[in-house]
Amino acid sequence: MWFIMALLSAVFAALTSILAKVGIEGVSSNLATAIRTVVVLAMAWGMVFLTNTQGGIATISKKSWVFLILSGLATGASWLCYYRALQIGEASKVVPIDKLSVVITLIMAFVFLHEKFTARSLVGSVLIAAGTLVMVL
């Protein structure tokens with residue numbers, strides 16, 4: 001099931017890029033990000049109430065709150081940068097660079113979460129990085 005959800009995530013992320021590129025024409029990238037964020041916020045809270053999981057808020061630890069807030073700040077910064085890059089650059093060049101986040105995530109997971117960095121991870125990271133260079137140069 002995780003694979004299907006991850007694949008759907010990739011499809012929706014691709015749609016996000018294409019729809020955003022068309023939608024930000026003549027709109028401030030910061031305003032566009034804010035509009036997108038309001039929609040995401042409404043959708044996320046809608047799912048919380050639809051699945052009746054709002055009661056879990058009281059059980060969230062302080063550590064989880066801190067890291068979820070930091071994650072939200074990182075997401076916001078990422079979206080602001082992404083929309084600005086999409087506004088001034090070609091989607092076909094911006095998106096591959098954005099996907100270098102895969103390589104950066106693998107490195108950070110190894111350094112900070114002590115996850116295994118295998119030969120397979122190394123080869124995949126090198127291929128993603130090389131593919132990104134081929135696509136943007």
# chains A, B, ... in the order shown; residues from 1 in each chain; ligands from 1
$ residues_around --residues "Ala91 in chain A" --least-positions-apart "2" --cutoff "12 Å" --atoms "only C-alpha atoms" --output "list in words"
Ala14, Leu15, Thr16, Ser17, Ile18, Leu19, Ala20, Lys21, Val22, Ile24, Tyr82, Tyr83, Arg84, Ala85, Leu86, Gln87, Ile88, Gly89, Lys93, Val94, Val95, Pro96, Ile97, Asp98, Lys99, Met135 and Val136 of chain A
$ write_last_selection --atoms "C-alpha atoms" --output "compact mmCIF listing (two decimals), in the first residue's frame"
# COMPACT_ATOMS: atom_id res chain seq x y z
CA ALA A 14 3.72 16.33 -11.17
CA LEU A 15 0.23 17.78 -11.57
CA THR A 16 1.08 20.40 -8.94
CA SER A 17 4.02 21.62 -10.99
CA ILE A 18 2.11 21.85 -14.24
CA LEU A 19 -0.99 23.44 -12.71
CA ALA A 20 1.13 25.88 -10.70
CA LYS A 21 3.16 26.96 -13.72
CA VAL A 22 -0.04 27.88 -15.54
CA ILE A 24 1.10 31.70 -11.38
CA TYR A 82 9.61 26.43 -5.54
CA TYR A 83 6.86 28.77 -6.70
CA ARG A 84 9.32 31.59 -7.27
CA ALA A 85 11.59 29.27 -9.25
CA LEU A 86 8.60 28.07 -11.30
CA GLN A 87 7.55 31.64 -11.96
CA ILE A 88 10.92 32.72 -13.34
CA GLY A 89 12.18 29.41 -14.76
CA LYS A 93 14.32 22.64 -15.43
CA VAL A 94 12.94 23.62 -12.03
CA VAL A 95 11.32 20.26 -11.27
CA PRO A 96 14.44 18.10 -11.75
CA ILE A 97 16.45 20.39 -9.48
CA ASP A 98 13.66 20.26 -6.90
CA LYS A 99 13.82 16.46 -7.02
CA MET A 135 18.13 17.67 -17.80
CA VAL A 136 19.13 21.18 -16.75
$ residues_around --residues "Ala32 in chain A" --least-positions-apart "3" --cutoff "9 Å" --atoms "only C-alpha atoms" --output "PyMOL selection string"
chain A and resi 20+23-24+27-29+35-37+80+83
$ residues_around --residues "Val126 in chain A" --least-positions-apart "6" --cutoff "10 Å" --atoms "only C-alpha atoms" --output "number ranges by chain"
A: 103, 120, 132
$ write_last_selection --atoms "all heavy atoms" --output "compact mmCIF listing (two decimals), in the first residue's frame"
# COMPACT_ATOMS: atom_id res chain seq x y z
N VAL A 103 18.04 13.03 -3.11
CA VAL A 103 19.44 12.79 -2.76
C VAL A 103 19.77 13.43 -1.42
O VAL A 103 20.40 12.82 -0.55
CB VAL A 103 20.38 13.33 -3.87
CG1 VAL A 103 21.83 13.19 -3.47
CG2 VAL A 103 20.10 12.63 -5.20
N ARG A 120 23.39 0.55 -3.10
CA ARG A 120 22.22 0.81 -3.92
C ARG A 120 21.78 2.27 -3.80
O ARG A 120 21.44 2.94 -4.78
CB ARG A 120 21.10 -0.11 -3.45
CG ARG A 120 20.07 -0.43 -4.42
CD ARG A 120 19.10 -1.37 -3.74
NE ARG A 120 18.45 -2.17 -4.73
CZ ARG A 120 17.72 -3.20 -4.48
NH1 ARG A 120 17.53 -3.59 -3.24
NH2 ARG A 120 17.14 -3.86 -5.45
N THR A 132 19.70 14.85 -13.21
CA THR A 132 19.35 16.25 -13.01
C THR A 132 20.26 17.14 -13.83
O THR A 132 19.80 18.07 -14.52
CB THR A 132 19.44 16.63 -11.51
OG1 THR A 132 18.53 15.82 -10.77
CG2 THR A 132 19.12 18.10 -11.30
$ closest_residue --among "A:Met1, A:Leu68, A:Leu8, A:Leu106" --to "Gly124 in chain A" --atoms "only C-alpha atoms"
A:Leu106
$ atom_distance --atom1 "CA of Ala10 in chain A" --atom2 "CA of Asn30 in chain A"
23.5 Å
$ select_by_dssp --residues "chain A" --states "alpha helix (DSSP H)" --output "ChimeraX atom specification"
/A:2-23,29-50,62-88,91-98,101-112,119-136
$ atom_distance --atom1 "CA of Ile128 in chain A" --atom2 "CA of Thr33 in chain A"
26.9 Å
$ atom_distance --atom1 "CA of Gly76 in chain A" --atom2 "CA of Ala34 in chain A"
9.3 Å
